[in-house]
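Since the structure comes first, as structure tokens, the remarks are kept for the end.
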Amino acid sequence: MKILTQHINEPGIETFDVYRKHGGYTAVEKAIKSMTPDEVVEEVKKSGVRGRGGAGFPMGMKWSFLAKPEGVPRYLVCNADESEPGTFKDHYLMKSIPHLLIEGMIVSSYALGANKSFIYVRGELLYVIAILEKAIAEAKAKGFLGKNILGSGYDLELVVQPGGGAYICGEETALLESLEGKRGNPRNKPPFPAVKGLYQCPTVVNNVESISNTPWIINNGGEAYAALGVGRSTGTKLISASGHIRKPGVYEIVLGVPVEEFIYSDEYCGGIRDGHYLKALVAGGSSVPILPANLITTTANNEPRLMTYESLSDGGFATGTMLGSGGFIVFDETACIVKNTLNFAHFYRHESCGQCSPCREGTGWMEKILYRIENGRGTQADIDLLVDVSRKIEGNTICPLGDAAAWPVASAIRHFRHEFEWHISHPEEATRPGAVYPTEAVLN
Amino acid sequence: MSTQTTDIKFTPENLEKAHEIIARYPEGKQKSALIPLLHLVQKQWGWVSPEAMDYVAEMLSIESIEVYEVATFYTMFHLEPVGKHVIEYCRTGPCCLMGGEKVYDHLKQRLGVQTGQTTPDGMFTLKEVECLAACGWGPVFQIREKYYMNLTCDKVDEIIDELSK
């Protein structure tokens with residue numbers, strides 16, 4: 001069952017005509033001609049679709065928080081600032097089938113009563129911005145955008161806004177600051193964007209994949225969407241898979257597929273690359289806790305682990321992780337956990353906006369400590385120091401970047417403490433090029 | 001490598017584009033055009049000079065400092081002159097798992113420069129960047145708007161040969 005990628009490989013699907021031939025823009029017609037905005041919101045609520053950027057907050061509920069004061073414009077902003085390491089699904093969707101997002105933006109803007117909506121795309125994807133702008137021009141020429149859409153009296157203008165290379169702008173209030181032409185420093189909440197967002201007006205910020213689900217929901221009904229998946233994990237999810245697997249790429253799954261099937265089935269990742277075996281997994285983008293092999297395909301209670309929000313977080317952070325953005329990074333036994341943790345720590349230090357001291361200072365400290373462990377100059381006390389620093393960042397910052405920086409470090413030590421200890425006790429071996437903790441010795 | 005930044009003015013084509021960009025935003029919110037205009041500056045001159053920042057400030061009726069604080073925050077903007085081709089190489093975890101470090105070492109050797117440097121002929125500047133959202137197609141680098149993916153040492157040589165012509 002595919003909702004987003006059913007037609008993604010059709011030749012010419014990036015053009016209006018081919019997209020239209022495969023049922024494109026019927027949701028716009030249906031919504032604008034036969035539904036009130038509130039009815040559209042109701043269907044999205046019924047679908048149970050949750051924010052696909054990583055937070056997993058119910059989208060319909062987010063929409064229902066939007067303040068509607070008289071005479072004040074409302075905005076919809078699509079978050080296409082996809083920057084979480086391991087995540088490349090929105091990039092794939094936008095470059096392959098741009099009209100799907102455009103159609104979703106029209107349906108969603110209509111539901112929210114927005115007459116000007118923005119798609120904020122990370123600045124590196126300049127070529128995708130060109131693809132989206134071309135698609136917008138086509139949709140406008142066909143009367144699906146602009147003034148008086150399909151003769152309904154509803155007006156909508158879509159603006160594609162480039163970022164400038166800053167992970168922090170994926171945080172919704174930093175994104176709004178950036179869209180206003182400022183540094184991407186997250187805002188204190190409240191007020192939430194639903195009350196005071198872009199230009200201090202009520203604003204909804206949704207991820208690309210979330211918005212791209214709305215045409216299907218309108219065409220087929222929220223209940224049909226909710227019938228897919230397991231429990232509160234309804235519908236489908238794009239998973240971008242990378243690392244040591246046979247078939248890296250973007251896969252659309254119905255939520256509830258067993259993790260084991262996702263990794264080993266030829267329909268998805270196709271298994272670990274030849275001659276190697278699974279060592280660790282980051283299931284939802286670099287910020288979620290890393291899991292060791294014994295907690296990936298089954299939970300701590302020996303239940304099969306499923307690709308759902310609930311099952312992946314089963315066991316909390318002690319033995320579980322998060323579905324997050326669906327950035328699925330697979331590590332085989334050749335991967336050094338210390339080195340990878342340092343790599344991620346460098347990323348978060350680089351991307352911290354610098355506004356909150358725990359994050360600005362703490363991310364730098366974590367990187368420095370990890371650097372000396374990786375380079376054979378660590379002490380055993382450094383391991384607890386890292387845990388201590390990560391705890392002092394977590395929960396003490398305006399935005400979740402601090403948590404995102406703390407979790408990979410804390411979880412790597414939680415599950416792979418022996419690798420850190422080995423690096424410290426065997427500096428000569430550990431600093432040789434390509435050196436990895438000798439797993440086989442432990443297994444034997 | 002051009003350091004000539006006096007008499008800063010957009011080309012007629014870019015000026016038209018700049019006006020089109022500024023008109024996208026609600027009245028009084030023209031500052032939203034700042035990042036798009038800085039991209040336009042970089043497209044025309046290859047980098048963002050202080051003079052170009054002042055020019056943009058004037059165009060948007062904002063203070064120069066408002067432009068400086070933004071240009072220095074966003075890492076895509078080159079605040080010093082760069083080579084003809086800026087290679088922005090992804091150094092983040094997933095690309096490393098796909099063999100990114102070996103290919104990067106080869107690229108540095110091939111160009112004879114370290115991270116942040118420009119080749120003596122001014123053809124290439126090498127920069128390390130964070131995740132480019134192409135992890136499954138790594139290793140990856142970007143030159144302007146173009147992504148080069150699934151890189152190998154051989155492929156890197158071909159790309160450099162082609163761009164050196």
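Identifiers in the structure tokens: chain A, B, ... in order shown; residue index from 1 per chain; ligand index from 1 in order shown.
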So which residues touch range 291-307 of chain A within 8 Å, counting only C-alpha atoms, skipping near sequence neighbours fewer than 5 positions away, as a PDB file with C-alpha atoms, in the first residue's frame?
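Generated file (part36.pdb):
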ATOM      1  CA  LEU A 255       3.424   1.631   9.879  1.00  0.00           C
ATOM      2  CA  GLY A 256       3.650  -1.685  11.711  1.00  0.00           C
ATOM      3  CA  VAL A 257       6.134  -3.535   9.484  1.00  0.00           C
ATOM      4  CA  PRO A 258       8.490  -5.560  11.731  1.00  0.00           C
ATOM      5  CA  VAL A 259      11.941  -3.947  11.993  1.00  0.00           C
ATOM      6  CA  GLU A 260      13.455  -7.334  11.101  1.00  0.00           C
ATOM      7  CA  LEU A 278      24.218  -6.036  12.173  1.00  0.00           C
ATOM      8  CA  LYS A 279      25.855  -4.208  15.063  1.00  0.00           C
ATOM      9  CA  ALA A 280      23.760  -1.113  15.808  1.00  0.00           C
ATOM     10  CA  LEU A 281      20.881   1.002  14.547  1.00  0.00           C
ATOM     11  CA  VAL A 282      19.879   4.637  14.638  1.00  0.00           C
ATOM     12  CA  LEU A 312      10.331   1.727  18.613  1.00  0.00           C
ATOM     13  CA  ASP A 314       9.083   0.562  23.862  1.00  0.00           C
ATOM     14  CA  GLY A 315      11.320   0.382  26.911  1.00  0.00           C
ATOM     15  CA  THR A 319      16.079  -0.138  25.957  1.00  0.00           C
ATOM     16  CA  GLY A 320      14.135   1.690  23.253  1.00  0.00           C
ATOM     17  CA  THR A 321      14.517   4.585  20.820  1.00  0.00           C
ATOM     18  CA  LEU A 323      10.760   6.592  15.083  1.00  0.00           C
ATOM     19  CA  SER A 411      22.774   6.266  24.471  1.00  0.00           C
ATOM     20  CA  HIS A 415      24.793   0.518  25.271  1.00  0.00           C
ATOM     21  CA  PHE A 416      28.438   0.564  24.165  1.00  0.00           C
TER      22      PHE A 416
END
Which residues of range 210-326 of chain A sit at most 12 Å from range 147-164 of chain B, using only C-alpha atoms? Give each one's shortest atom pair and distance in Å (one decimal place), in chain and ascending residue order, as a tab-separated table.
residue	atom	partner	partner_atom	distance
A:Ser242	CA	B:Asn150	CA	11.9
A:Pro248	CA	B:Asn150	CA	10.9
A:Gly249	CA	B:Asn150	CA	11.8
For chain B, report every residue with an atom at most 7 Å from chain A (counting only C-alpha atoms), formatted as a PDB file with all heavy atoms, in the first residue's frame.
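Output contents, as saved in out_13.pdb:
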ATOM      1  N   LYS B  31      12.056  42.437   4.727  1.00  0.00           N
ATOM      2  CA  LYS B  31      13.280  41.843   5.272  1.00  0.00           C
ATOM      3  C   LYS B  31      13.311  40.328   5.026  1.00  0.00           C
ATOM      4  O   LYS B  31      14.381  39.715   5.016  1.00  0.00           O
ATOM      5  CB  LYS B  31      13.403  42.154   6.772  1.00  0.00           C
ATOM      6  CG  LYS B  31      14.777  41.812   7.327  1.00  0.00           C
ATOM      7  CD  LYS B  31      14.945  42.135   8.795  1.00  0.00           C
ATOM      8  CE  LYS B  31      16.249  41.561   9.310  1.00  0.00           C
ATOM      9  NZ  LYS B  31      16.430  41.773  10.751  1.00  0.00           N
ATOM     10  N   SER B  32      12.139  39.734   4.844  1.00  0.00           N
ATOM     11  CA  SER B  32      12.082  38.296   4.528  1.00  0.00           C
ATOM     12  C   SER B  32      12.872  37.965   3.268  1.00  0.00           C
ATOM     13  O   SER B  32      13.240  36.808   3.050  1.00  0.00           O
ATOM     14  CB  SER B  32      10.625  37.849   4.332  1.00  0.00           C
ATOM     15  OG  SER B  32       9.982  37.715   5.580  1.00  0.00           O
ATOM     16  N   ALA B  33      13.106  38.971   2.430  1.00  0.00           N
ATOM     17  CA  ALA B  33      13.836  38.735   1.168  1.00  0.00           C
ATOM     18  C   ALA B  33      15.347  38.617   1.395  1.00  0.00           C
ATOM     19  O   ALA B  33      16.097  38.331   0.462  1.00  0.00           O
ATOM     20  CB  ALA B  33      13.550  39.872   0.186  1.00  0.00           C
ATOM     21  N   LEU B  34      15.792  38.829   2.626  1.00  0.00           N
ATOM     22  CA  LEU B  34      17.228  38.922   2.865  1.00  0.00           C
ATOM     23  C   LEU B  34      18.014  37.677   2.441  1.00  0.00           C
ATOM     24  O   LEU B  34      18.993  37.780   1.687  1.00  0.00           O
ATOM     25  CB  LEU B  34      17.474  39.249   4.351  1.00  0.00           C
ATOM     26  CG  LEU B  34      18.915  39.356   4.809  1.00  0.00           C
ATOM     27  CD1 LEU B  34      19.749  40.244   3.903  1.00  0.00           C
ATOM     28  CD2 LEU B  34      18.977  39.892   6.247  1.00  0.00           C
ATOM     29  N   ILE B  35      17.604  36.511   2.930  1.00  0.00           N
ATOM     30  CA  ILE B  35      18.363  35.298   2.582  1.00  0.00           C
ATOM     31  C   ILE B  35      18.304  35.010   1.074  1.00  0.00           C
ATOM     32  O   ILE B  35      19.343  34.748   0.458  1.00  0.00           O
ATOM     33  CB  ILE B  35      17.923  34.097   3.453  1.00  0.00           C
ATOM     34  CG1 ILE B  35      18.350  34.363   4.906  1.00  0.00           C
ATOM     35  CG2 ILE B  35      18.543  32.790   2.956  1.00  0.00           C
ATOM     36  CD1 ILE B  35      17.851  33.346   5.910  1.00  0.00           C
ATOM     37  N   PRO B  36      17.117  35.099   0.468  1.00  0.00           N
ATOM     38  CA  PRO B  36      17.103  34.919  -1.000  1.00  0.00           C
ATOM     39  C   PRO B  36      18.026  35.903  -1.736  1.00  0.00           C
ATOM     40  O   PRO B  36      18.693  35.533  -2.693  1.00  0.00           O
ATOM     41  CB  PRO B  36      15.639  35.156  -1.368  1.00  0.00           C
ATOM     42  CG  PRO B  36      14.870  34.838  -0.135  1.00  0.00           C
ATOM     43  CD  PRO B  36      15.753  35.182   1.022  1.00  0.00           C
ATOM     44  N   GLU B  69      24.612  40.260  10.478  1.00  0.00           N
ATOM     45  CA  GLU B  69      24.322  39.232  11.482  1.00  0.00           C
ATOM     46  C   GLU B  69      23.699  37.995  10.836  1.00  0.00           C
ATOM     47  O   GLU B  69      23.909  36.881  11.308  1.00  0.00           O
ATOM     48  CB  GLU B  69      23.486  39.772  12.649  1.00  0.00           C
ATOM     49  CG  GLU B  69      22.103  40.268  12.290  1.00  0.00           C
ATOM     50  CD  GLU B  69      21.326  40.765  13.516  1.00  0.00           C
ATOM     51  OE1 GLU B  69      21.963  40.991  14.561  1.00  0.00           O
ATOM     52  OE2 GLU B  69      20.102  40.912  13.421  1.00  0.00           O
ATOM     53  N   VAL B  70      22.990  38.180   9.770  1.00  0.00           N
ATOM     54  CA  VAL B  70      22.396  37.022   9.085  1.00  0.00           C
ATOM     55  C   VAL B  70      23.448  36.306   8.224  1.00  0.00           C
ATOM     56  O   VAL B  70      23.583  35.083   8.262  1.00  0.00           O
ATOM     57  CB  VAL B  70      21.179  37.473   8.238  1.00  0.00           C
ATOM     58  CG1 VAL B  70      20.796  36.421   7.207  1.00  0.00           C
ATOM     59  CG2 VAL B  70      19.996  37.763   9.162  1.00  0.00           C
ATOM     60  N   PHE B  73      25.627  34.068  10.171  1.00  0.00           N
ATOM     61  CA  PHE B  73      24.974  32.957  10.878  1.00  0.00           C
ATOM     62  C   PHE B  73      24.831  31.738   9.962  1.00  0.00           C
ATOM     63  O   PHE B  73      25.027  30.602  10.382  1.00  0.00           O
ATOM     64  CB  PHE B  73      23.592  33.402  11.368  1.00  0.00           C
ATOM     65  CG  PHE B  73      22.846  32.349  12.153  1.00  0.00           C
ATOM     66  CD1 PHE B  73      23.045  32.220  13.526  1.00  0.00           C
ATOM     67  CD2 PHE B  73      21.950  31.491  11.531  1.00  0.00           C
ATOM     68  CE1 PHE B  73      22.359  31.255  14.256  1.00  0.00           C
ATOM     69  CE2 PHE B  73      21.259  30.522  12.261  1.00  0.00           C
ATOM     70  CZ  PHE B  73      21.466  30.409  13.624  1.00  0.00           C
ATOM     71  N   TYR B  74      24.490  31.989   8.716  1.00  0.00           N
ATOM     72  CA  TYR B  74      24.161  30.892   7.787  1.00  0.00           C
ATOM     73  C   TYR B  74      25.416  30.461   7.029  1.00  0.00           C
ATOM     74  O   TYR B  74      26.045  31.276   6.350  1.00  0.00           O
ATOM     75  CB  TYR B  74      23.054  31.331   6.828  1.00  0.00           C
ATOM     76  CG  TYR B  74      21.753  31.584   7.546  1.00  0.00           C
ATOM     77  CD1 TYR B  74      21.400  32.861   7.984  1.00  0.00           C
ATOM     78  CD2 TYR B  74      20.888  30.536   7.850  1.00  0.00           C
ATOM     79  CE1 TYR B  74      20.216  33.083   8.677  1.00  0.00           C
ATOM     80  CE2 TYR B  74      19.698  30.752   8.534  1.00  0.00           C
ATOM     81  CZ  TYR B  74      19.367  32.027   8.943  1.00  0.00           C
ATOM     82  OH  TYR B  74      18.203  32.238   9.632  1.00  0.00           O
ATOM     83  N   THR B  75      25.736  29.171   7.158  1.00  0.00           N
ATOM     84  CA  THR B  75      27.050  28.708   6.700  1.00  0.00           C
ATOM     85  C   THR B  75      27.181  28.609   5.183  1.00  0.00           C
ATOM     86  O   THR B  75      28.284  28.418   4.677  1.00  0.00           O
ATOM     87  CB  THR B  75      27.375  27.336   7.313  1.00  0.00           C
ATOM     88  OG1 THR B  75      26.278  26.452   7.054  1.00  0.00           O
ATOM     89  CG2 THR B  75      27.584  27.469   8.809  1.00  0.00           C
ATOM     90  N   MET B  76      26.087  28.748   4.460  1.00  0.00           N
ATOM     91  CA  MET B  76      26.221  28.655   2.997  1.00  0.00           C
ATOM     92  C   MET B  76      26.888  29.883   2.380  1.00  0.00           C
ATOM     93  O   MET B  76      27.366  29.828   1.251  1.00  0.00           O
ATOM     94  CB  MET B  76      24.854  28.482   2.335  1.00  0.00           C
ATOM     95  CG  MET B  76      24.297  27.075   2.450  1.00  0.00           C
ATOM     96  SD  MET B  76      22.761  26.940   1.547  1.00  0.00           S
ATOM     97  CE  MET B  76      23.382  26.871  -0.144  1.00  0.00           C
ATOM     98  N   THR B  92      29.351  14.205   7.384  1.00  0.00           N
ATOM     99  CA  THR B  92      28.531  13.681   8.475  1.00  0.00           C
ATOM    100  C   THR B  92      28.431  12.157   8.408  1.00  0.00           C
ATOM    101  O   THR B  92      28.599  11.559   7.350  1.00  0.00           O
ATOM    102  CB  THR B  92      27.148  14.370   8.448  1.00  0.00           C
ATOM    103  OG1 THR B  92      27.341  15.774   8.242  1.00  0.00           O
ATOM    104  CG2 THR B  92      26.420  14.182   9.758  1.00  0.00           C
ATOM    105  N   GLY B  93      28.111  11.560   9.570  1.00  0.00           N
ATOM    106  CA  GLY B  93      28.121  10.119   9.804  1.00  0.00           C
ATOM    107  C   GLY B  93      27.698   9.197   8.672  1.00  0.00           C
ATOM    108  O   GLY B  93      28.497   8.367   8.226  1.00  0.00           O
ATOM    109  N   PRO B  94      26.455   9.316   8.186  1.00  0.00           N
ATOM    110  CA  PRO B  94      26.020   8.345   7.166  1.00  0.00           C
ATOM    111  C   PRO B  94      26.922   8.332   5.925  1.00  0.00           C
ATOM    112  O   PRO B  94      27.240   7.270   5.409  1.00  0.00           O
ATOM    113  CB  PRO B  94      24.601   8.816   6.831  1.00  0.00           C
ATOM    114  CG  PRO B  94      24.140   9.495   8.081  1.00  0.00           C
ATOM    115  CD  PRO B  94      25.355  10.164   8.651  1.00  0.00           C
ATOM    116  N   LEU B  97      29.921   6.294   6.664  1.00  0.00           N
ATOM    117  CA  LEU B  97      29.655   4.847   6.603  1.00  0.00           C
ATOM    118  C   LEU B  97      29.713   4.359   5.162  1.00  0.00           C
ATOM    119  O   LEU B  97      30.086   3.223   4.891  1.00  0.00           O
ATOM    120  CB  LEU B  97      28.277   4.512   7.185  1.00  0.00           C
ATOM    121  CG  LEU B  97      28.038   4.785   8.669  1.00  0.00           C
ATOM    122  CD1 LEU B  97      26.627   4.387   9.065  1.00  0.00           C
ATOM    123  CD2 LEU B  97      29.048   4.053   9.545  1.00  0.00           C
ATOM    124  N   MET B  98      29.337   5.219   4.236  1.00  0.00           N
ATOM    125  CA  MET B  98      29.325   4.842   2.817  1.00  0.00           C
ATOM    126  C   MET B  98      30.711   5.025   2.179  1.00  0.00           C
ATOM    127  O   MET B  98      30.836   4.997   0.956  1.00  0.00           O
ATOM    128  CB  MET B  98      28.299   5.681   2.033  1.00  0.00           C
ATOM    129  CG  MET B  98      26.931   5.818   2.660  1.00  0.00           C
ATOM    130  SD  MET B  98      25.932   4.325   2.655  1.00  0.00           S
ATOM    131  CE  MET B  98      25.028   4.528   1.114  1.00  0.00           C
ATOM    132  N   GLU B 130      28.022  20.013   6.677  1.00  0.00           N
ATOM    133  CA  GLU B 130      27.240  19.017   7.397  1.00  0.00           C
ATOM    134  C   GLU B 130      26.155  18.451   6.486  1.00  0.00           C
ATOM    135  O   GLU B 130      25.861  19.002   5.434  1.00  0.00           O
ATOM    136  CB  GLU B 130      26.632  19.645   8.663  1.00  0.00           C
ATOM    137  CG  GLU B 130      27.680  20.153   9.652  1.00  0.00           C
ATOM    138  CD  GLU B 130      28.604  19.060  10.181  1.00  0.00           C
ATOM    139  OE1 GLU B 130      28.209  17.866  10.176  1.00  0.00           O
ATOM    140  OE2 GLU B 130      29.735  19.384  10.596  1.00  0.00           O
ATOM    141  N   CYS B 131      25.560  17.371   6.976  1.00  0.00           N
ATOM    142  CA  CYS B 131      24.605  16.533   6.228  1.00  0.00           C
ATOM    143  C   CYS B 131      23.835  17.276   5.124  1.00  0.00           C
ATOM    144  O   CYS B 131      23.176  18.278   5.366  1.00  0.00           O
ATOM    145  CB  CYS B 131      23.617  15.916   7.201  1.00  0.00           C
ATOM    146  SG  CYS B 131      22.528  14.706   6.431  1.00  0.00           S
ATOM    147  N   LEU B 132      23.914  16.764   3.891  1.00  0.00           N
ATOM    148  CA  LEU B 132      23.250  17.385   2.743  1.00  0.00           C
ATOM    149  C   LEU B 132      21.909  16.716   2.405  1.00  0.00           C
ATOM    150  O   LEU B 132      21.360  16.920   1.327  1.00  0.00           O
ATOM    151  CB  LEU B 132      24.182  17.342   1.522  1.00  0.00           C
ATOM    152  CG  LEU B 132      25.393  18.284   1.577  1.00  0.00           C
ATOM    153  CD1 LEU B 132      26.340  18.021   0.407  1.00  0.00           C
ATOM    154  CD2 LEU B 132      24.955  19.736   1.572  1.00  0.00           C
ATOM    155  N   ALA B 133      21.396  15.861   3.305  1.00  0.00           N
ATOM    156  CA  ALA B 133      20.122  15.160   3.085  1.00  0.00           C
ATOM    157  C   ALA B 133      20.173  14.300   1.829  1.00  0.00           C
ATOM    158  O   ALA B 133      19.277  14.352   0.981  1.00  0.00           O
ATOM    159  CB  ALA B 133      18.945  16.141   3.046  1.00  0.00           C
ATOM    160  N   ALA B 134      21.239  13.542   1.706  1.00  0.00           N
ATOM    161  CA  ALA B 134      21.349  12.610   0.575  1.00  0.00           C
ATOM    162  C   ALA B 134      22.054  11.329   1.052  1.00  0.00           C
ATOM    163  O   ALA B 134      22.760  10.682   0.289  1.00  0.00           O
ATOM    164  CB  ALA B 134      22.116  13.269  -0.567  1.00  0.00           C
ATOM    165  N   CYS B 135      21.827  10.987   2.328  1.00  0.00           N
ATOM    166  CA  CYS B 135      22.614   9.957   3.018  1.00  0.00           C
ATOM    167  C   CYS B 135      22.642   8.611   2.306  1.00  0.00           C
ATOM    168  O   CYS B 135      23.660   7.923   2.315  1.00  0.00           O
ATOM    169  CB  CYS B 135      22.089   9.773   4.427  1.00  0.00           C
ATOM    170  SG  CYS B 135      21.733  11.336   5.261  1.00  0.00           S
ATOM    171  N   GLY B 136      21.532   8.222   1.717  1.00  0.00           N
ATOM    172  CA  GLY B 136      21.479   6.913   1.046  1.00  0.00           C
ATOM    173  C   GLY B 136      22.199   6.913  -0.286  1.00  0.00           C
ATOM    174  O   GLY B 136      22.405   5.859  -0.884  1.00  0.00           O
ATOM    175  N   GLU B 145      24.399  24.512  -7.227  1.00  0.00           N
ATOM    176  CA  GLU B 145      23.137  23.820  -7.017  1.00  0.00           C
ATOM    177  C   GLU B 145      23.211  22.330  -7.342  1.00  0.00           C
ATOM    178  O   GLU B 145      22.274  21.600  -7.123  1.00  0.00           O
ATOM    179  CB  GLU B 145      22.001  24.480  -7.825  1.00  0.00           C
ATOM    180  CG  GLU B 145      22.107  24.347  -9.312  1.00  0.00           C
ATOM    181  CD  GLU B 145      22.967  25.461  -9.916  1.00  0.00           C
ATOM    182  OE1 GLU B 145      23.669  26.183  -9.163  1.00  0.00           O
ATOM    183  OE2 GLU B 145      22.935  25.597 -11.134  1.00  0.00           O
ATOM    184  N   LYS B 146      24.353  21.885  -7.874  1.00  0.00           N
ATOM    185  CA  LYS B 146      24.404  20.497  -8.332  1.00  0.00           C
ATOM    186  C   LYS B 146      24.930  19.552  -7.249  1.00  0.00           C
ATOM    187  O   LYS B 146      25.930  19.832  -6.601  1.00  0.00           O
ATOM    188  CB  LYS B 146      25.296  20.410  -9.575  1.00  0.00           C
ATOM    189  CG  LYS B 146      25.178  19.092 -10.306  1.00  0.00           C
ATOM    190  CD  LYS B 146      25.815  19.187 -11.689  1.00  0.00           C
ATOM    191  CE  LYS B 146      26.118  17.841 -12.302  1.00  0.00           C
ATOM    192  NZ  LYS B 146      25.038  16.887 -12.375  1.00  0.00           N
TER     193      LYS B 146
END
Item checked: DSSP-assigned alpha helix (DSSP H) members of range 49-243 of chain A, reported as a ChimeraX atom specification -> /A:59-64,89-96,98-112,126-141,172-179,208-212,214-220,222-226
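CA of Phe141 in chain B is positioned 12.9 Å from CA of Gly99 in chain B.
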Q | CA of Arg377 in chain A to CA of Cys356 in chain A, straight-line distance in Å | A |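 About the pair CA of Cys356 in chain A and CA of Arg377 in chain A: they are 29.2 Å apart.
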Practice item. May I ask which of the residues B:Glu63, B:Gly112, B:His19, B:Gly138 is the closest one to Cys96 in chain B, counting only C-alpha atoms? Key: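 Checking each of B:Glu63, B:Gly112, B:His19, B:Gly138 against Cys96 in chain B, counting only C-alpha atoms, the winner is B:Gly138.
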Open item on the list: I need the residues of range 247-359 of chain A that end up classed as strand (DSSP E or B) by DSSP on the backbone, written out as number ranges by chain.
Closed with: A: 249-254, 258, 272, 278-282, 291-292, 298, 304, 306, 327-332
Tell me, in Å to one decimal, how far CA of Gln6 in chain A is from CA of Ile218 in chain A.
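A separation of 16.4 Å between them.
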